[in-house]
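Engineer: Take this structure first; my questions come after.
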Amino acid sequence: MIQINQLSKKYKNAERFSVHNLDLVINEGEVFGILGPNGAGKTTLISMLSSLLKPTSGSFTIDGLSYQGQMSRLKQMIGIVPQEYALYPTLTAFENLKYFGSMYGLSGTVLTQKINEHLDILGLKPFSHKKIKTFSGGMKRRINLIAGILHQPKVLFLDEPTVGVDVQSKNAIMSFLKELNKNGTTILYTSHHLNEAEEFCSRIAIIDLGTIICKGKPEELIRKEPEAKNLEEVFLAKTGKALRDYA
Amino acid sequence: MHKLWASATKEFLLLTRDFGGLAILFLMPLLLVITITTIQDGTFKTLKESKIPILLVDKDKGSVSEQIRENMAAAQQFEIVPQENERKAQQLVQNGDYQLAIVIPENLSSALNRKVLENVEGILSKFNGNDAEAIQTSANSKKEVKLYFDPATQLSFRNSIKSGINQMVSKIETESIYKAFQEELTDDPTEEIFDTQPFITFSEIAPGDVPDKSAIPNSTQHNIPAWTLFAIFFIILPLSINMVNEKNLGTFVRLRTNPVSYGTVLGGKTIVFLTVALIQFALMLLVGVFLFPILGLPELSVAGKLPMLFFVAFFAGLAAVGLGLLLGTVAKSQEQSAPFGATFVVILAALGGVWVPVFAMPKFMQALSNVSPMNWGLSAFYDVFLRNVGILELLPEIALLFLFFLITTGIAIFYNERQIAV
């Protein structure tokens with residue numbers, strides 16, 4: 001589904017590559033986790049795959065479509081759930097979703113039905129005509145998710161989808177995502193919640209300094225790392241315990 | 001088209017949800033045009049109707065100083081306040097208690113009479129064929145009327161006063177010459193030898209072909225176009241802030257991942273903010289037509305001009321929106337967009353001739369004003385309001401305004417594309 005070949009990104013005036021000669025294949029129907037410490041290149045990788053950034057070199061295809069010359073079709077096929085809420089606070093939940101759904105070409109009763117259906121699943125139907133600025137963090141996170149999947153994308157990019165939410169919202173979001181994946185959506189997921197990733201992802205790649213250190217099924221990675229009992233211990237063994245502060 | 005409409009609907013909702021912002025957007029330009037026109041009209045009325053107190057230091061105490069006093073009183077612009085001490089008068093003006101002090105030098109009357117008499121006698125003796133009695137120049141040195149101005153008075157006021165005094169002194173000199181000839185040529189003071197009434201007079205005529213259509217413009221006809229344009233261009237502030245807010249909220253990033261062109265996103269903003277500009281314009285016209293007469297200000301005359309006025313306002317609004325789109329695309333924070341936008345509009349207004357007419361600017365600034373969209377807009381508005389031109393005559397200015405919109409929007413789209421390649 002996603003084929004990444006020697007993909008690199010070096011920002012203007014940067015001393016090093018944020019993503020360097022990265023090769024990766026993500027199969028259809030997978031939930032693939034990209035894990036790494038701060039500054040590892042996770043967000044840069046997702047930004048390139050979601051057409052926010054142009055690669056410095058290398059290439060990628062999503063379902064056979066390249067970002068070069070097929071950008072519009074590629075964008076139609078993917079969904080993005082950014083880490084920020086990325087919603088208009090003074091618009092209602094319904095108005096926000098209607099607008100973002102319209103940007104994917106949805107309209108009329110089809111759009112309205114999809115909005116109501118998703119709001120209902122994620123427990124937000126009673127609040128559909130309330131302004132986003134009155135919502136809690138967990139509610140905004142759920143609306144943020146719906147805004148990225150209304151058009152039924154084949155591939156969904158999730159950047160920290162459960163950061164800053166309560167347990168109930170987190171549970172609702174994860175259940176929803178699992179259901180989405182079960183229905184055929186390939187998911188590329190980044191998070192610092194390693195327990196969540198261990199449970200949710202079918203495969204994982206740990207990246208650091210722009211390159212993949214290791215990849216495989218979570219249980220395989222744990223088994224391969226001596227003395228590691230969980231993914232967090234694998235992660236620390238691979239990336240070290242030194243603080244990763246960048247300014 | 002569906003995406004464009006959805007974008008415009010979203011912009012409309014965002015705008016209407018910010019009631020305070022919306023009120024400011026519509027009320028502030030109205031307040032601006034009412035305030036400016038009231039002040040300008042008031043200044044005009046002050047000069048015309050109320051009297052400005054000025055100090056008069058009369059060291060002459062003769063016929064000439066009496067004539068100056070009478071003429072100034074007849075002008076009904078000034079209230080003469082006598083002051084004996086020149087030093088004291090100078091101090092009062094310096095302190096700002098009076099805008100002006102006039103000091104008439106000692107022996108002005110007698111010196112003027114003597115000089116005129118000498119000249120008249122010399123001329124008459126020439127006519128009598130008496131070459132021996134050539135014109136004798138008086139040994140008197142030239143007399144100087146001193147004017148002390150408050151340093152805070154504006155140049156235009158000073159020039160106006162100096163011109164008035166100069167005219168008055170010339171008139172007094174001319175009358176003295178006539179009087180001297182009269183005395184030399186006849187012993188009967190009642191006999192009228194000369195017609196001393198001014199031969200040349202002037203009147204202000206509108207230069208238009210159709211006199212009815214080319215009324216002399218009043219302050220409203222000048223102020224409404226200038227300050228309306230100023231207000232229309234101020235739309236770059238809310239528009240650029242709206243775009244910077246989208247960047248801060250993260251919605252801008254989301255839109256960049258959506259299958260929608262940046263041009264469509266900007267198109268939605270253009271539709272809504274252009275509509276705002278046209279509503280602003282309509283409100284300004286309504287204020288000029290209906291509110292100004294109630295406030296005692298000259299009424300705005302728009303009869304037969306409305307379609308052309310909205311035609312100009314549409315393209316002026318497009319130019320303003322284009323500038324706002326560019327600023328909003330380039331700016332990374334409100335701290336960048338708001339001060340830059342506000343200052344830039346003031347600069348454009350200054351260059352456009354909103355405060356000082358372009359012809360009165362230094363050559364270099366005149367050249368710069370040619371690239372100010374506010375200058376093109378203002379020229380177009382004046383063409384409609386004051387010169388009654390047709391659509392063909394407006395096309396050069398309209399084309400420039402439209403081109404400005406295309407170029408600024410084009411740069412915004414190009415800049416946005418470049419950001420992806422950072």
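Ligands are numbered from 1 in the order shown, chains are lettered A, B, ... in the order of the structure tokens, and residues start at 1 in each chain.
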Which residues are near stretch 137-145 of chain A? Cut-off 6 Å, only C-alpha atoms, ignore same chain within fewer than 4 positions. Put them as a list of chain:residue names.
Structural biologist: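 Near neighbours after the sequence-gap exclusion: A:Val81, A:Tyr85, A:Val165, A:Ser169.
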Engineer: Hey, list the chain A side of the contact with chain B: 6 Å cut-off, only C-alpha atoms, answer as a PyMOL selection string.
Structural biologist: chain A and resi 52-54+72+75-76+86-87+103
Engineer: Would you list the contacts of stretch 174-178 of chain A as a count of residues only, taking every protein, DNA or RNA residue within 9 Å and counting only C-alpha atoms, but skipping same-chain residues closer than 6 positions in sequence?
Structural biologist: 8
Engineer: Leaving out B:Phe290 and any residue of its chain fewer than 6 positions from it, which residues lie within 12 Å of it when counting only C-alpha atoms, given as a PyMOL selection string?
Structural biologist: chain B and resi 282-284+296-302
Engineer: Which residues, written as a ChimeraX atom specification, have at least one atom at most 6 Å from stretch 402-416 of chain B, with only C-alpha atoms counted and residues fewer than 5 positions away on the same chain left out?
Structural biologist: /B:318-319,322-323,326,329
Engineer: Output N, CA, C and O atoms of each residue in that selection to a file, as a PDB file, in the first residue's frame.
Structural biologist:
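Now in part10.pdb:
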```
ATOM      1  N   LEU B 318     -11.170  44.402  -4.494  1.00  0.00           N
ATOM      2  CA  LEU B 318     -10.370  43.252  -4.956  1.00  0.00           C
ATOM      3  C   LEU B 318      -8.885  43.495  -4.699  1.00  0.00           C
ATOM      4  O   LEU B 318      -8.179  42.601  -4.220  1.00  0.00           O
ATOM      5  N   ALA B 319      -8.432  44.711  -5.024  1.00  0.00           N
ATOM      6  CA  ALA B 319      -7.012  45.047  -4.815  1.00  0.00           C
ATOM      7  C   ALA B 319      -6.662  44.936  -3.331  1.00  0.00           C
ATOM      8  O   ALA B 319      -5.614  44.390  -2.969  1.00  0.00           O
ATOM      9  N   GLY B 322      -6.566  41.279  -2.291  1.00  0.00           N
ATOM     10  CA  GLY B 322      -5.339  40.658  -2.804  1.00  0.00           C
ATOM     11  C   GLY B 322      -4.156  40.939  -1.894  1.00  0.00           C
ATOM     12  O   GLY B 322      -3.370  40.041  -1.568  1.00  0.00           O
ATOM     13  N   LEU B 323      -4.063  42.187  -1.463  1.00  0.00           N
ATOM     14  CA  LEU B 323      -2.961  42.566  -0.558  1.00  0.00           C
ATOM     15  C   LEU B 323      -3.084  41.833   0.784  1.00  0.00           C
ATOM     16  O   LEU B 323      -2.086  41.361   1.339  1.00  0.00           O
ATOM     17  N   LEU B 326      -2.025  38.199   0.418  1.00  0.00           N
ATOM     18  CA  LEU B 326      -0.557  38.068   0.361  1.00  0.00           C
ATOM     19  C   LEU B 326       0.046  38.230   1.755  1.00  0.00           C
ATOM     20  O   LEU B 326       0.884  37.420   2.179  1.00  0.00           O
ATOM     21  N   THR B 329      -0.659  35.250   3.887  1.00  0.00           N
ATOM     22  CA  THR B 329       0.109  34.066   3.482  1.00  0.00           C
ATOM     23  C   THR B 329       1.551  34.155   3.988  1.00  0.00           C
ATOM     24  O   THR B 329       2.116  33.171   4.466  1.00  0.00           O
TER      25      THR B 329
END
```
